[in-house]
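The data block below is structure_10.txt; it holds compact mmCIF, C-alpha atoms.
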# COMPACT_ATOMS: atom_id res chain seq x y z
CA MET A 1 110.33 94.23 97.26
CA ARG A 2 112.71 91.49 96.27
CA LEU A 3 115.70 92.65 94.31
CA ILE A 4 116.98 90.22 91.85
CA PHE A 5 120.36 90.75 90.38
CA THR A 6 121.98 88.08 88.37
CA LEU A 7 125.12 88.07 86.34
CA PHE A 8 125.60 85.99 83.29
CA PHE A 9 129.02 85.43 81.91
CA VAL A 10 129.48 84.24 78.43
CA LEU A 11 133.03 83.52 77.55
CA THR A 12 133.64 82.70 73.98
CA SER A 13 136.98 82.06 72.46
CA MET A 14 137.48 84.05 69.31
CA GLY A 15 140.75 82.90 67.85
CA CYS A 16 143.38 84.29 70.14
CA SER A 17 141.25 87.06 71.61
CA LYS A 18 138.54 86.51 74.11
CA LEU A 19 135.12 88.04 73.70
CA SER A 20 133.41 88.44 76.99
CA ALA A 21 129.77 89.38 77.12
CA GLN A 22 128.59 90.09 80.60
CA ILE A 23 124.93 90.87 80.96
CA ALA A 24 123.57 92.09 84.26
CA VAL A 25 119.86 91.44 84.70
CA TYR A 26 117.54 93.77 86.58
CA GLU A 27 113.97 92.65 87.10
CA LYS A 28 113.10 95.78 89.07
CA PHE A 29 113.63 99.34 87.93
CA ASP A 30 114.66 100.60 91.38
CA ALA A 31 117.64 98.27 91.51
CA PHE A 32 118.59 99.25 87.97
CA GLU A 33 118.32 102.94 88.78
CA LYS A 34 120.51 102.60 91.84
CA ALA A 35 123.19 100.54 90.13
CA VAL A 36 123.28 101.99 86.62
CA LEU A 37 122.06 105.58 86.52
CA LYS A 38 124.92 107.09 88.44
CA GLU A 39 125.43 110.77 89.06
CA ASP A 40 129.20 110.82 89.19
CA ASP A 41 132.03 112.40 87.21
CA ASN A 42 131.46 110.22 84.17
CA THR A 43 129.24 110.87 81.20
CA TYR A 44 126.95 107.94 80.54
CA VAL A 45 125.18 107.34 77.25
CA VAL A 46 122.33 104.99 78.05
CA ASN A 47 120.56 103.55 75.02
CA PHE A 48 117.26 101.70 75.43
CA TRP A 49 116.76 98.97 72.83
CA ALA A 50 115.57 95.42 72.28
CA THR A 51 116.46 92.54 69.98
CA TRP A 52 112.96 92.78 68.43
CA CYS A 53 113.31 96.49 67.61
CA ALA A 54 114.58 96.94 64.04
CA PRO A 55 115.46 100.66 64.25
CA CYS A 56 117.30 99.96 67.51
CA ILE A 57 119.39 97.23 65.93
CA LYS A 58 120.22 99.51 63.05
CA GLU A 59 121.75 102.15 65.32
CA LEU A 60 123.53 99.77 67.74
CA PRO A 61 126.78 99.83 65.70
CA TYR A 62 126.91 103.62 66.16
CA PHE A 63 126.72 103.18 69.93
CA GLU A 64 129.34 100.44 69.75
CA GLN A 65 131.59 102.78 67.80
CA LEU A 66 130.92 105.57 70.30
CA HIS A 67 132.01 103.18 73.04
CA LYS A 68 135.24 102.44 71.18
CA ASP A 69 136.03 105.90 69.78
CA ASN A 70 134.84 108.40 72.34
CA PRO A 71 136.85 108.06 75.55
CA LYS A 72 134.78 110.81 77.18
CA VAL A 73 131.73 108.63 77.56
CA LYS A 74 130.66 105.30 78.95
CA VAL A 75 128.08 103.58 76.77
CA ILE A 76 125.44 101.38 78.38
CA LEU A 77 123.08 99.39 76.16
CA VAL A 78 119.92 98.66 78.13
CA SER A 79 117.92 95.87 76.53
CA LEU A 80 114.20 95.82 77.28
CA ASP A 81 113.80 92.25 76.10
CA SER A 82 111.85 89.79 78.18
CA ARG A 83 113.65 87.89 80.90
CA LYS A 84 112.80 84.63 79.16
CA ASP A 85 114.60 85.79 76.02
CA LEU A 86 117.94 86.30 77.78
CA GLU A 87 119.53 82.98 76.91
CA LYS A 88 117.66 82.33 73.67
CA LYS A 89 117.91 85.74 72.04
CA LEU A 90 119.87 88.39 73.88
CA ILE A 91 123.09 86.55 74.69
CA PRO A 92 123.43 85.06 71.18
CA PHE A 93 122.62 88.46 69.68
CA VAL A 94 125.28 90.26 71.71
CA ALA A 95 127.82 87.59 70.77
CA LYS A 96 126.91 87.68 67.09
CA LYS A 97 127.12 91.46 66.90
CA GLN A 98 130.34 91.32 68.93
CA LEU A 99 129.17 94.14 71.17
CA THR A 100 131.85 95.19 73.61
CA ALA A 101 129.92 98.06 75.17
CA GLU A 102 128.20 97.15 78.41
CA VAL A 103 124.85 95.39 77.87
CA ILE A 104 122.23 95.26 80.59
CA LEU A 105 118.84 93.57 80.62
CA LEU A 106 116.06 95.56 82.32
CA SER A 107 113.05 93.26 82.33
CA ASP A 108 110.70 95.20 84.62
CA LYS A 109 107.36 95.00 82.77
CA ASP A 110 105.55 97.55 84.92
CA TYR A 111 106.41 100.25 82.40
CA ASN A 112 103.86 102.73 83.64
CA ALA A 113 105.63 102.70 86.99
CA TRP A 114 109.09 103.52 85.69
CA LEU A 115 109.13 105.15 82.22
CA ASN A 116 108.45 108.56 83.74
CA LYS A 117 111.39 108.10 86.09
CA ILE A 118 113.66 108.10 83.05
CA ASP A 119 111.91 111.09 81.52
CA ASP A 120 108.40 112.53 81.47
CA SER A 121 108.57 112.98 77.72
CA TRP A 122 109.16 109.28 77.01
CA SER A 123 106.05 107.85 75.38
CA GLY A 124 107.49 104.35 75.52
CA ALA A 125 108.71 104.01 71.95
CA ILE A 126 112.22 102.74 71.43
CA PRO A 127 114.95 103.43 70.56
CA ALA A 128 115.46 106.12 73.16
CA THR A 129 118.65 107.52 74.61
CA LEU A 130 119.51 109.14 77.92
CA ILE A 131 122.76 110.97 78.56
CA ILE A 132 123.78 111.58 82.17
CA SER A 133 126.63 113.65 83.49
CA GLY A 134 126.42 114.31 87.20
CA LYS A 135 123.16 116.17 87.71
CA ARG A 136 122.71 116.99 84.04
CA LYS A 137 120.70 114.81 81.75
CA LEU A 138 119.38 114.77 78.23
CA PHE A 139 116.72 112.36 77.05
CA ALA A 140 115.42 111.84 73.54
CA GLU A 141 113.03 109.34 72.03
CA ARG A 142 114.76 109.29 68.68
CA GLU A 143 116.90 107.38 66.23
CA PHE A 144 120.36 108.27 64.99
CA GLU A 145 121.05 108.01 61.28
CA ASN A 146 124.77 107.41 61.55
CA PHE A 147 127.72 107.50 63.90
CA THR A 148 128.59 111.13 63.20
CA GLU A 149 125.11 112.29 64.12
CA LEU A 150 125.26 110.39 67.42
CA ASN A 151 128.80 111.50 68.19
CA ASN A 152 128.00 115.17 67.49
CA TYR A 153 124.89 114.94 69.62
CA VAL A 154 126.84 113.49 72.54
CA ASN A 155 129.72 115.94 72.17
CA ALA A 156 127.31 118.88 72.08
CA PHE A 157 126.00 117.70 75.45
CA ILE A 158 129.50 117.31 76.88
CA ASN A 159 130.66 120.70 75.60
CA HIS A 160 127.80 122.51 77.27
CA ASN A 161 129.35 121.90 80.66
CA MET B 1 117.62 110.11 90.05
CA LYS B 2 116.98 113.57 91.18
CA PHE B 3 117.97 116.06 88.56
CA LEU B 4 117.63 119.79 88.88
CA PRO B 5 114.55 120.74 86.92
CA LEU B 6 115.91 124.16 86.04
CA LEU B 7 119.05 122.73 84.54
CA ILE B 8 116.99 120.29 82.53
CA LEU B 9 114.80 123.07 81.30
CA PHE B 10 117.77 125.19 80.38
CA PHE B 11 119.51 122.33 78.72
CA SER B 12 116.59 120.95 76.80
CA SER B 13 115.97 124.44 75.44
CA LEU B 14 119.37 124.24 73.80
CA PHE B 15 118.25 121.13 72.01
CA LEU B 16 114.83 122.14 70.84
CA GLY B 17 115.77 121.43 67.26
CA GLU B 18 116.75 117.90 68.18
CA THR B 19 113.66 116.71 69.93
CA THR B 20 111.03 114.73 68.11
CA GLU B 21 108.28 115.13 70.62
CA SER B 22 104.89 115.09 68.97
CA ASN B 23 101.89 117.08 69.98
CA GLY B 24 99.03 114.72 70.31
CA TYR B 25 95.85 114.58 72.31
CA GLN B 26 95.60 114.86 76.04
CA PRO B 27 92.60 113.61 78.01
CA GLY B 28 89.81 116.15 77.55
CA ASP B 29 90.69 116.98 73.94
CA LYS B 30 88.23 116.33 71.15
CA ALA B 31 89.51 113.69 68.75
CA THR B 32 89.16 113.89 65.03
CA ASP B 33 86.94 111.43 63.21
CA PHE B 34 88.36 109.57 60.22
CA LYS B 35 87.23 107.64 57.19
CA LEU B 36 89.60 104.74 56.73
CA LYS B 37 89.56 101.51 54.76
CA SER B 38 89.33 98.25 56.66
CA VAL B 39 90.51 94.78 55.67
CA ASP B 40 86.98 94.06 54.39
CA GLY B 41 87.44 96.80 51.79
CA LYS B 42 84.80 99.06 53.38
CA MET B 43 85.33 102.53 54.76
CA TYR B 44 84.75 103.17 58.46
CA SER B 45 84.09 106.34 60.43
CA MET B 46 83.10 106.83 64.03
CA ALA B 47 80.17 108.88 62.73
CA ASP B 48 78.72 105.63 61.32
CA TYR B 49 78.08 104.37 64.84
CA LYS B 50 75.15 106.51 65.90
CA ASP B 51 74.38 104.50 69.04
CA ALA B 52 77.93 104.01 70.30
CA LYS B 53 78.61 104.95 73.92
CA GLY B 54 82.29 105.29 73.19
CA PHE B 55 85.17 104.30 70.97
CA ILE B 56 88.32 102.31 71.65
CA VAL B 57 90.85 103.40 69.03
CA VAL B 58 93.87 101.10 69.03
CA PHE B 59 96.93 101.89 66.93
CA THR B 60 98.48 98.52 66.26
CA CYS B 61 100.21 96.58 63.50
CA ASN B 62 101.04 93.13 62.15
CA THR B 63 104.56 92.52 63.35
CA CYS B 64 105.52 94.47 66.44
CA PRO B 65 106.13 91.84 69.14
CA PHE B 66 104.13 93.95 71.60
CA ALA B 67 101.25 94.28 69.18
CA ILE B 68 101.32 90.51 68.64
CA LYS B 69 101.34 89.84 72.38
CA TYR B 70 98.19 91.97 72.67
CA GLU B 71 96.28 90.68 69.61
CA ASP B 72 94.16 88.21 71.53
CA ARG B 73 93.56 90.67 74.37
CA ILE B 74 92.44 93.37 71.92
CA ASN B 75 90.09 90.93 70.23
CA ALA B 76 88.66 89.85 73.59
CA ILE B 77 88.09 93.46 74.66
CA ALA B 78 86.38 94.21 71.32
CA LYS B 79 84.02 91.27 71.83
CA LYS B 80 83.36 92.00 75.48
CA TYR B 81 82.48 95.67 75.04
CA LYS B 82 80.67 95.49 71.70
CA SER B 83 77.52 94.37 73.46
CA LYS B 84 77.91 97.19 75.98
CA GLY B 85 77.97 99.78 73.20
CA TYR B 86 81.70 100.42 72.89
CA VAL B 87 83.20 100.15 69.42
CA LEU B 88 86.80 99.06 68.97
CA LEU B 89 88.55 100.32 65.84
CA ALA B 90 92.13 99.25 65.17
CA ILE B 91 94.32 101.44 62.97
CA ASN B 92 97.60 100.30 61.47
CA PRO B 93 99.72 103.48 61.31
CA ASN B 94 102.82 102.00 59.68
CA ASP B 95 103.86 102.91 56.17
CA PRO B 96 104.08 99.56 54.32
CA GLU B 97 106.96 100.97 52.31
CA ALA B 98 108.92 101.33 55.53
CA GLN B 99 107.55 98.11 57.07
CA PRO B 100 106.74 95.63 54.27
CA ALA B 101 105.01 93.30 56.73
CA ASP B 102 102.21 95.85 57.10
CA THR B 103 100.76 95.82 53.58
CA PHE B 104 96.99 95.78 53.16
CA GLU B 105 97.11 92.14 52.00
CA LEU B 106 99.09 91.05 55.06
CA MET B 107 96.69 92.97 57.29
CA GLN B 108 93.85 91.01 55.68
CA GLU B 109 95.71 87.77 56.36
CA LYS B 110 96.32 88.76 59.98
CA ALA B 111 92.67 89.69 60.55
CA LYS B 112 91.51 86.39 59.06
CA GLU B 113 94.05 84.27 60.89
CA LYS B 114 93.29 85.86 64.26
CA GLY B 115 89.55 86.19 63.66
CA PHE B 116 89.48 89.91 64.41
CA VAL B 117 85.94 90.99 65.32
CA PHE B 118 86.78 94.67 64.78
CA PRO B 119 87.63 96.78 61.73
CA TYR B 120 91.36 96.78 61.09
CA LEU B 121 91.98 100.05 59.30
CA VAL B 122 94.77 101.45 57.16
CA ASP B 123 96.05 104.91 58.07
CA GLU B 124 96.37 105.76 54.40
CA GLY B 125 98.98 108.47 53.96
CA GLN B 126 99.67 108.36 57.73
CA LYS B 127 97.38 111.32 58.36
CA ILE B 128 95.54 110.14 61.46
CA TYR B 129 98.17 108.86 63.90
CA PRO B 130 100.05 112.20 64.14
CA GLN B 131 96.81 114.01 65.00
CA TYR B 132 96.17 111.57 67.82
CA GLY B 133 99.80 111.69 68.90
CA ALA B 134 100.26 107.95 68.67
CA THR B 135 103.98 107.16 68.80
CA LYS B 136 104.04 103.42 69.00
CA THR B 137 102.16 100.16 68.61
CA PRO B 138 100.08 99.30 70.48
CA HIS B 139 98.81 102.70 71.62
CA VAL B 140 95.23 103.08 72.83
CA PHE B 141 92.86 106.06 72.85
CA LEU B 142 89.49 105.76 74.59
CA LEU B 143 86.90 108.30 73.43
CA ASP B 144 83.42 108.99 74.67
CA LYS B 145 80.47 109.21 72.27
CA ASN B 146 81.27 112.88 71.59
CA LEU B 147 84.85 111.89 70.68
CA ILE B 148 86.29 113.48 73.81
CA VAL B 149 89.49 111.69 74.77
CA LYS B 150 89.08 109.95 78.12
CA TYR B 151 92.10 107.68 78.33
CA ILE B 152 95.43 107.31 76.51
CA GLY B 153 98.04 104.63 76.86
CA ALA B 154 98.50 100.96 77.54
CA ILE B 155 96.02 98.09 77.62
CA ASP B 156 97.32 96.67 80.89
CA ASP B 157 100.47 96.40 82.97
CA ASN B 158 101.95 93.16 81.68
CA SER B 159 102.73 92.79 78.00
CA ASP B 160 104.37 89.41 78.46
CA ASP B 161 101.77 87.53 80.38
CA ALA B 162 98.04 88.21 80.29
CA SER B 163 97.53 85.98 83.32
CA ALA B 164 99.95 88.05 85.42
CA VAL B 165 98.20 91.36 84.75
CA LYS B 166 97.45 93.36 87.90
CA GLU B 167 95.97 96.52 86.38
CA LYS B 168 93.69 96.38 83.36
CA TYR B 169 94.11 100.07 82.56
CA LEU B 170 91.94 100.12 79.44
CA GLU B 171 89.09 98.07 80.84
CA ASN B 172 89.12 100.11 84.05
CA ALA B 173 88.90 103.25 81.94
CA ILE B 174 85.98 101.88 79.90
CA ARG B 175 84.21 100.96 83.13
CA ALA B 176 84.77 104.46 84.50
CA LEU B 177 83.42 105.97 81.28
CA ASP B 178 80.42 103.67 81.46
CA ASN B 179 79.80 104.76 85.05
CA GLY B 180 80.03 108.40 84.09
CA THR B 181 83.25 108.99 86.01
CA GLU B 182 86.69 110.07 84.82
CA PRO B 183 89.18 107.26 84.28
CA SER B 184 92.05 107.19 86.75
CA PRO B 185 94.74 106.94 85.62
CA ALA B 186 93.75 108.83 82.49
CA THR B 187 97.11 108.17 80.89
CA THR B 188 99.58 105.31 81.21
CA LYS B 189 102.81 104.42 79.49
CA ALA B 190 104.24 101.28 78.02
CA ILE B 191 107.03 100.21 75.74
CA GLY B 192 106.10 99.68 72.12
CA CYS B 193 107.48 99.66 68.60
CA SER B 194 107.96 103.03 67.02
CA ILE B 195 105.60 103.84 64.15
CA LYS B 196 107.34 103.19 60.86
CA THR B 197 107.65 106.05 58.40
CA LYS B 198 109.73 106.54 55.31
CA LYS B 199 112.89 108.49 55.95
CA LYS B 200 112.57 112.03 54.79
CA ALA B 201 115.33 113.01 52.46
Would you put the structure from the file into structure tokens?
Amino acid sequence: MRLIFTLFFVLTSMGCSKLSAQIAVYEKFDAFEKAVLKEDDNTYVVNFWATWCAPCIKELPYFEQLHKDNPKVKVILVSLDSRKDLEKKLIPFVAKKQLTAEVILLSDKDYNAWLNKIDDSWSGAIPATLIISGKRKLFAEREFENFTELNNYVNAFINHN
Amino acid sequence: MKFLPLLILFFSSLFLGETTESNGYQPGDKATDFKLKSVDGKMYSMADYKDAKGFIVVFTCNTCPFAIKYEDRINAIAKKYKSKGYVLLAINPNDPEAQPADTFELMQEKAKEKGFVFPYLVDEGQKIYPQYGATKTPHVFLLDKNLIVKYIGAIDDNSDDASAVKEKYLENAIRALDNGTEPSPATTKAIGCSIKTKKKA
């Protein structure tokens, strides 16, 4: 199976500061799994979303804030947009929303082959969020109403170590 | 990713209050019939189709990009299997107050514009989709003539490109049902838009 891994760098000057959106693209789940879903000492909060998903877009700022405010976690925003929408939709969206958390495009359309590898309980609706810390994980197909709710949820996971 | 099942079990038990997992049908369960209004203003029930060999119940909506990508495929399947005795009924499960693009009038427009050959029903009061366990659009349930669930899941394995489809899950399942065998796979998964409900206070 061919593994395709491409990096897109978008460097935009924003006054004096530089906004850098770097979107790694995975067309196959296996490559994504290997590179992104790491079982190391970090706690990863992996949010599955898409630019076409209204409830996802609504909660993205909470994940962005989590990325900025909670040093205990690494936030990864996994877009499930189509590969063809990368330049037209995803990159402009990330720039417009000024997302600084890591954004990844997972464009593997063979959902039936990989959704269960994230979690058996995932029906395929998004948003959905996976937290990983070493061998521990917590998955939920759910939305978060505000930052506090998300932050408490993540901290509860961390504090159960 | 190989996680310790026991730890997961232990941990998820701590979060039971947080999960939103719904209890819907599994293959083998008997599905409930319904009486829902279609875009033509008439009420439809599966009981109306005395000679049907089976029912293809598709939860779908007007605006979800995945639902839109599948509109033509759903219409084609409805046409193709109508003559073989299988009735396709589409149900829009979204609350139009939560998703204003899914009002009855806009459903009528959609059905007209796309030339839907199947009833496009309103899940008035959102009573039917939770019983089925639909969580997203599109979400398909194939039932036999006795309303026993035979297949749940996706239409095929490529939402983006109908010409690149390798596995036509739904059509394979209908064929299996028609041949008197059990569909395999009996369930599949795909990404879709969550069903829109009003926020509970």
Which residues of chain A come within 7 Å of chain B, and for each one, what is the closest pair of atoms and their distance in Å to one decimal, counting all atoms listed in the file, sorted by chain and residue number, as a Markdown table?
| residue | atom | partner | partner_atom | distance |
| --- | --- | --- | --- | --- |
| A:Trp52 | CA | B:Pro65 | CA | 6.9 |
| A:Cys53 | CA | B:Cys193 | CA | 6.7 |
| A:Lys109 | CA | B:Asn158 | CA | 5.8 |
| A:Asp110 | CA | B:Asp157 | CA | 5.6 |
| A:Tyr111 | CA | B:Ala190 | CA | 5.0 |
| A:Asn112 | CA | B:Lys189 | CA | 4.6 |
| A:Leu115 | CA | B:Lys189 | CA | 6.9 |
| A:Ser123 | CA | B:Lys189 | CA | 6.3 |
| A:Gly124 | CA | B:Ile191 | CA | 4.2 |
| A:Ala125 | CA | B:Gly192 | CA | 5.1 |
| A:Ile126 | CA | B:Ser194 | CA | 6.1 |
| A:Lys135 | CA | B:Phe3 | CA | 5.3 |
| A:Arg136 | CA | B:Phe3 | CA | 6.6 |
| A:Lys137 | CA | B:Ile8 | CA | 6.7 |
| A:Leu138 | CA | B:Ser12 | CA | 6.9 |
| A:Ala140 | CA | B:Thr19 | CA | 6.3 |
| A:Glu141 | CA | B:Thr20 | CA | 7.0 |
| A:Arg142 | CA | B:Thr20 | CA | 6.6 |
inquiry  = as a PyMOL selection string, please: the residues near stretch 32-49 of chain B (cut-off 12 Å, only C-alpha atoms, same-chain neighbours under 5 positions excluded).
reply    = chain B and resi 24-25+54-57+82+85-93+102-112+115-133+141+143-149
query = In Å, how far is it from atom CA of A:Ile76 to atom CA of B:Ala98?
reply =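 So the two atoms, atom CA of A:Ile76 and atom CA of B:Ala98, lie 28.2 Å apart.
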inquiry  = At a cut-off of 10 Å, using all atoms listed in the file, what residues contact B:Ser184? Leave out same-chain residues fewer than 6 positions from it and give the result as a PyMOL selection string.
reply    = chain B and resi 150-151+169+172-173+176
ask   = Please, what distance in Å, to one decimal, runs between atom CA of B:Glu171 and atom CA of B:Tyr81?
value =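 Taking atom CA of B:Glu171 and atom CA of B:Tyr81, their separation equals 9.1 Å.
In this model, the gap between atom CA of A:Glu59 and atom CA of A:Asn47 comes to 9.9 Å.
Shell of A:Ser79 at 6 Å, with all atoms listed in the file counted and residues fewer than 6 places along the chain excluded, is Phe48, Trp49, Ala50, Ile104 and Leu105 of chain A.
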Now that the selection is made, can you save its residues with C-alpha atoms as a PDB file, keeping the file's coordinate frame?
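The result, written out as selection-v8.pdb:
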ATOM      1  CA  PHE A  48     117.260 101.700  75.430  1.00  0.00           C
ATOM      2  CA  TRP A  49     116.760  98.970  72.830  1.00  0.00           C
ATOM      3  CA  ALA A  50     115.570  95.420  72.280  1.00  0.00           C
ATOM      4  CA  ILE A 104     122.230  95.260  80.590  1.00  0.00           C
ATOM      5  CA  LEU A 105     118.840  93.570  80.620  1.00  0.00           C
TER       6      LEU A 105
END
key: Residue with smallest distance to B:Thr197 - pool B:Asp178, B:Asp95, B:Glu113, B:Asp72, counting only C-alpha atoms   = B:Asp95
Residues within 6 Å of (127.3, 100.5, 77.4), counting all atoms listed in the file, listed as a PyMOL selection string = chain A and resi 75-77+101-103
ask   = Taking into account all atoms listed in the file, which residue in the set A:Gln65, A:Lys58, A:Thr129, A:Ser82 is nearest to A:Glu145?
value =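 Closest residue, counting all atoms listed in the file: A:Lys58.
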note = Closest of B:Cys61, B:Asp29, B:Leu177, B:Asn23 to B:Pro100, counting all atoms listed in the file, is B:Cys61
